[in-house]
Amino acid sequence: MTIKRMIVAQHERALVWKNKTFAGVLEPGKHWVAQPFGEIAVQLYDLTVPEFEHARVDFLVKEARPLMERYFDIVELSDSEAGLVYKNGKLAGVLAPGKRQLYWKGPIEVKVEKVDIYQDLDVPARIAKLLARAKQPLLAQANEAISTVEVPDTSLALLIVDGKFTKLLEPGLHAFWKFQRTVKTELIDRRVQTMEVSGQDILTRDKVSLRVNLTALWQVADVVTARAALQNFVEFIYKELQFALREAIGSRTLDELLGAKGELDREIYTSARGKIEQHGIRLTSVGIKDVILPGEMKEILNRVVEAEKVAQANLIKRREETAATRSLLNTARLMEENPTLLRLKELETLEKVTEKVDKLTVFGGLEGVLKDTVRIQIPAH
């Protein structure tokens, strides 16, 4: 016979196996273990690690349940339940559905909150924040148990569960149980977006090739409609703007395009808007940035503009000459009808002459200066 002394510390418990059969639990103290005929095995466990892991745990619960319930808290979850594990009042872990877990009754108080994951897809907000911002090892369990998304205040998110749209998510932190399901989220930006439709080579109605750049502003108005109807928002809007631009330019001559840019913008906006907005996207504005002509066409247009400006200058010159002649004719008629006015004109002329003459000799005294120096002869009729 062999006798062994076994010491179990205050923070320990021991499982005793005799001939590979469970024989009991040893509590703190000194124990003498005799081995008269068979093999006796003792397994020590530290109660500061409350999780009890053993290859034969299912056998122990079934065959010695009363004894196991004395030393352990037994947690058994159905396939539709997850477990939130609290140690001394603090969240410390997550148990997967269908899990059986034993915790030693000891210095660490363990409680498990059961959650019906079929009824409660959403993780409660208070739990979501703890799990999303947890540290290891809790973070690793959280990543396996939940799917989190933080929606910025400029966006909305679509929640898709097992390939089916479920609901819209407002800005904020959201978390969902992902046990036994596939959870995905799609972020949709609600801000006004800018789109550039650049380098479009288009023929006008009179067969002039142009390169046109277009700018448009748009935003998602109805997230659900847009997501259901369109695979790619940007690509769809780009194509519709491209079609509207080609249609508007192809129906006009070059002169019409250059002379009515505002009307062209409105036509493109109206045409594209009708097709885009029925899919939940709002077209805010459309404007042509640049109309680029081929080199030879630029030269021709420059010559045309130059000729037009020369013609306008000649026209203005002729108008001014005609106005000046008409003014002179009116002045002559007034002087003919009014001798005093004529005399004043003579004196004005005398003043201009004397400004440029250094010395002037006159005869006849002051009367000669006033009457004979300058004299305007009125022609006889």
# chains A, B, ... in the order shown; residues from 1 in each chain; ligands from 1

$ closest_atom_pairs --of "range 180-229 of chain A" --to "range 157-168 of chain A" --cutoff "9 Å" --atoms "only C-alpha atoms" --output "JSON lines"
{"residue": "A:Arg181", "atom": "CA", "partner": "A:Asp162", "partner_atom": "CA", "distance": 6.1}
{"residue": "A:Thr182", "atom": "CA", "partner": "A:Asp162", "partner_atom": "CA", "distance": 4.9}
{"residue": "A:Val183", "atom": "CA", "partner": "A:Val161", "partner_atom": "CA", "distance": 4.7}
{"residue": "A:Lys184", "atom": "CA", "partner": "A:Ile160", "partner_atom": "CA", "distance": 5.1}
{"residue": "A:Thr185", "atom": "CA", "partner": "A:Leu159", "partner_atom": "CA", "distance": 4.8}
{"residue": "A:Glu186", "atom": "CA", "partner": "A:Leu158", "partner_atom": "CA", "distance": 5.1}
{"residue": "A:Leu187", "atom": "CA", "partner": "A:Ala157", "partner_atom": "CA", "distance": 4.4}
{"residue": "A:Ile188", "atom": "CA", "partner": "A:Ala157", "partner_atom": "CA", "distance": 5.8}
{"residue": "A:Asp189", "atom": "CA", "partner": "A:Ala157", "partner_atom": "CA", "distance": 8.7}
{"residue": "A:Val223", "atom": "CA", "partner": "A:Leu158", "partner_atom": "CA", "distance": 8.2}
{"residue": "A:Val224", "atom": "CA", "partner": "A:Leu158", "partner_atom": "CA", "distance": 7.9}
{"residue": "A:Arg227", "atom": "CA", "partner": "A:Leu158", "partner_atom": "CA", "distance": 8.8}

$ write_last_selection --atoms "C-alpha atoms" --output "PDB file, in the first residue's frame"
ATOM      1  CA  ARG A 181     -25.741  34.642 -39.172  1.00  0.00           C
ATOM      2  CA  THR A 182     -23.848  36.870 -41.590  1.00  0.00           C
ATOM      3  CA  VAL A 183     -23.985  40.552 -40.716  1.00  0.00           C
ATOM      4  CA  LYS A 184     -22.803  43.294 -43.079  1.00  0.00           C
ATOM      5  CA  THR A 185     -23.166  47.067 -43.133  1.00  0.00           C
ATOM      6  CA  GLU A 186     -22.880  49.544 -46.005  1.00  0.00           C
ATOM      7  CA  LEU A 187     -22.084  53.197 -45.293  1.00  0.00           C
ATOM      8  CA  ILE A 188     -23.769  55.816 -47.494  1.00  0.00           C
ATOM      9  CA  ASP A 189     -22.449  59.393 -47.431  1.00  0.00           C
ATOM     10  CA  VAL A 223     -30.737  55.653 -49.260  1.00  0.00           C
ATOM     11  CA  VAL A 224     -32.950  52.558 -49.450  1.00  0.00           C
ATOM     12  CA  ARG A 227     -29.220  51.034 -52.850  1.00  0.00           C
TER      13      ARG A 227
END

$ select_by_dssp --residues "range 188-252 of chain A" --states "strand (DSSP E or B)" --output "VMD selection string"
chain A and resid 188 to 189 193 to 203 209 to 220

$ closest_residue --among "A:Ala272, A:Ala92, A:Leu84, A:Ala244" --to "Pro124 in chain A" --atoms "only C-alpha atoms"
A:Leu84

$ atom_distance --atom1 "CA of Pro50 in chain A" --atom2 "CA of Gly106 in chain A"
7.6 Å

$ residues_around --residues "Asn213 in chain A" --least-positions-apart "4" --cutoff "9 Å" --atoms "only C-alpha atoms" --output "JSON, numbers by chain"
{"A": [196, 197, 198, 199, 200, 287, 288, 289, 290, 291, 292]}

$ closest_residue --among "A:Val42, A:Val192, A:His11, A:Asp201" --to "Ile108 in chain A" --atoms "only C-alpha atoms"
A:His11

$ atom_distance --atom1 "CA of Gly280 in chain A" --atom2 "CA of Ala248 in chain A"
24.0 Å

$ closest_residue --among "A:Thr48, A:Thr253, A:Asn330, A:Gln141" --to "Leu91 in chain A" --atoms "only C-alpha atoms"
A:Gln141

$ residues_around --residues "Trp177 in chain A" --least-positions-apart "3" --cutoff "9 Å" --atoms "only C-alpha atoms" --output "MDAnalysis selection string"
chainID A and resid 82 117 120:123 145:147 180:181 183

$ write_last_selection --atoms "N, CA and C atoms" --output "PDB file, in the first residue's frame"
ATOM      1  N   ALA A  82     -26.794  33.441 -26.230  1.00  0.00           N
ATOM      2  CA  ALA A  82     -25.402  33.776 -25.977  1.00  0.00           C
ATOM      3  C   ALA A  82     -25.294  34.182 -24.511  1.00  0.00           C
ATOM      4  N   ILE A 117     -30.411  35.569 -28.843  1.00  0.00           N
ATOM      5  CA  ILE A 117     -29.861  36.223 -30.039  1.00  0.00           C
ATOM      6  C   ILE A 117     -30.824  36.166 -31.218  1.00  0.00           C
ATOM      7  N   ASP A 120     -33.118  39.207 -30.070  1.00  0.00           N
ATOM      8  CA  ASP A 120     -32.361  40.441 -29.897  1.00  0.00           C
ATOM      9  C   ASP A 120     -31.153  40.440 -30.826  1.00  0.00           C
ATOM     10  N   LEU A 121     -31.373  40.934 -32.048  1.00  0.00           N
ATOM     11  CA  LEU A 121     -30.250  41.061 -32.984  1.00  0.00           C
ATOM     12  C   LEU A 121     -29.277  42.136 -32.509  1.00  0.00           C
ATOM     13  N   ASP A 122     -29.815  43.237 -31.993  1.00  0.00           N
ATOM     14  CA  ASP A 122     -28.980  44.351 -31.531  1.00  0.00           C
ATOM     15  C   ASP A 122     -28.368  44.038 -30.171  1.00  0.00           C
ATOM     16  N   VAL A 123     -27.098  44.330 -30.044  1.00  0.00           N
ATOM     17  CA  VAL A 123     -26.444  44.265 -28.745  1.00  0.00           C
ATOM     18  C   VAL A 123     -26.802  45.541 -27.990  1.00  0.00           C
ATOM     19  N   ALA A 145     -17.954  37.398 -31.507  1.00  0.00           N
ATOM     20  CA  ALA A 145     -19.367  37.371 -31.124  1.00  0.00           C
ATOM     21  C   ALA A 145     -20.208  38.446 -31.793  1.00  0.00           C
ATOM     22  N   ILE A 146     -19.636  39.639 -32.011  1.00  0.00           N
ATOM     23  CA  ILE A 146     -20.452  40.755 -32.506  1.00  0.00           C
ATOM     24  C   ILE A 146     -19.809  41.416 -33.718  1.00  0.00           C
ATOM     25  N   SER A 147     -20.660  42.075 -34.461  1.00  0.00           N
ATOM     26  CA  SER A 147     -20.221  42.925 -35.573  1.00  0.00           C
ATOM     27  C   SER A 147     -20.555  44.365 -35.202  1.00  0.00           C
ATOM     28  N   GLN A 180     -24.249  32.481 -35.856  1.00  0.00           N
ATOM     29  CA  GLN A 180     -25.187  31.757 -36.723  1.00  0.00           C
ATOM     30  C   GLN A 180     -25.842  32.646 -37.791  1.00  0.00           C
ATOM     31  N   ARG A 181     -25.214  33.771 -38.114  1.00  0.00           N
ATOM     32  CA  ARG A 181     -25.741  34.642 -39.172  1.00  0.00           C
ATOM     33  C   ARG A 181     -24.591  35.458 -39.751  1.00  0.00           C
ATOM     34  N   VAL A 183     -23.589  39.161 -40.903  1.00  0.00           N
ATOM     35  CA  VAL A 183     -23.985  40.552 -40.716  1.00  0.00           C
ATOM     36  C   VAL A 183     -23.028  41.451 -41.491  1.00  0.00           C
TER      37      VAL A 183
END

$ atom_distance --atom1 "CA of Phe22 in chain A" --atom2 "CA of Glu53 in chain A"
15.3 Å

$ closest_residue --among "A:Ala311, A:Ile40, A:Leu254, A:Ala55" --to "Lys207 in chain A" --atoms "only C-alpha atoms"
A:Leu254

$ residues_around --residues "Ile276 in chain A" --least-positions-apart "4" --cutoff "10 Å" --atoms "only C-alpha atoms" --output "list of chain:residue names"
A:Trp218, A:Ala226, A:Phe233, A:Phe236, A:Ile237, A:Glu240, A:Leu241, A:Ser271, A:Ala272, A:Gly280, A:Ile281, A:Arg282, A:Leu283

$ residues_around --residues "Leu44 in chain A" --least-positions-apart "4" --cutoff "8 Å" --atoms "only C-alpha atoms" --output "NGL selection string"
:A and (8 or 12-15)

$ residues_around --residues "range 93-105 of chain A" --least-positions-apart "5" --cutoff "9 Å" --atoms "only C-alpha atoms" --output "count of residues only"
41

$ closest_residue --among "A:Arg190, A:Ala132, A:Asn88, A:Arg205" --to "Phe176 in chain A" --atoms "only C-alpha atoms"
A:Ala132

$ select_by_dssp --residues "range 65-216 of chain A" --states "helix (DSSP H, G or I)" --output "MDAnalysis selection string"
chainID A and resid 65:71 125:132 138:145
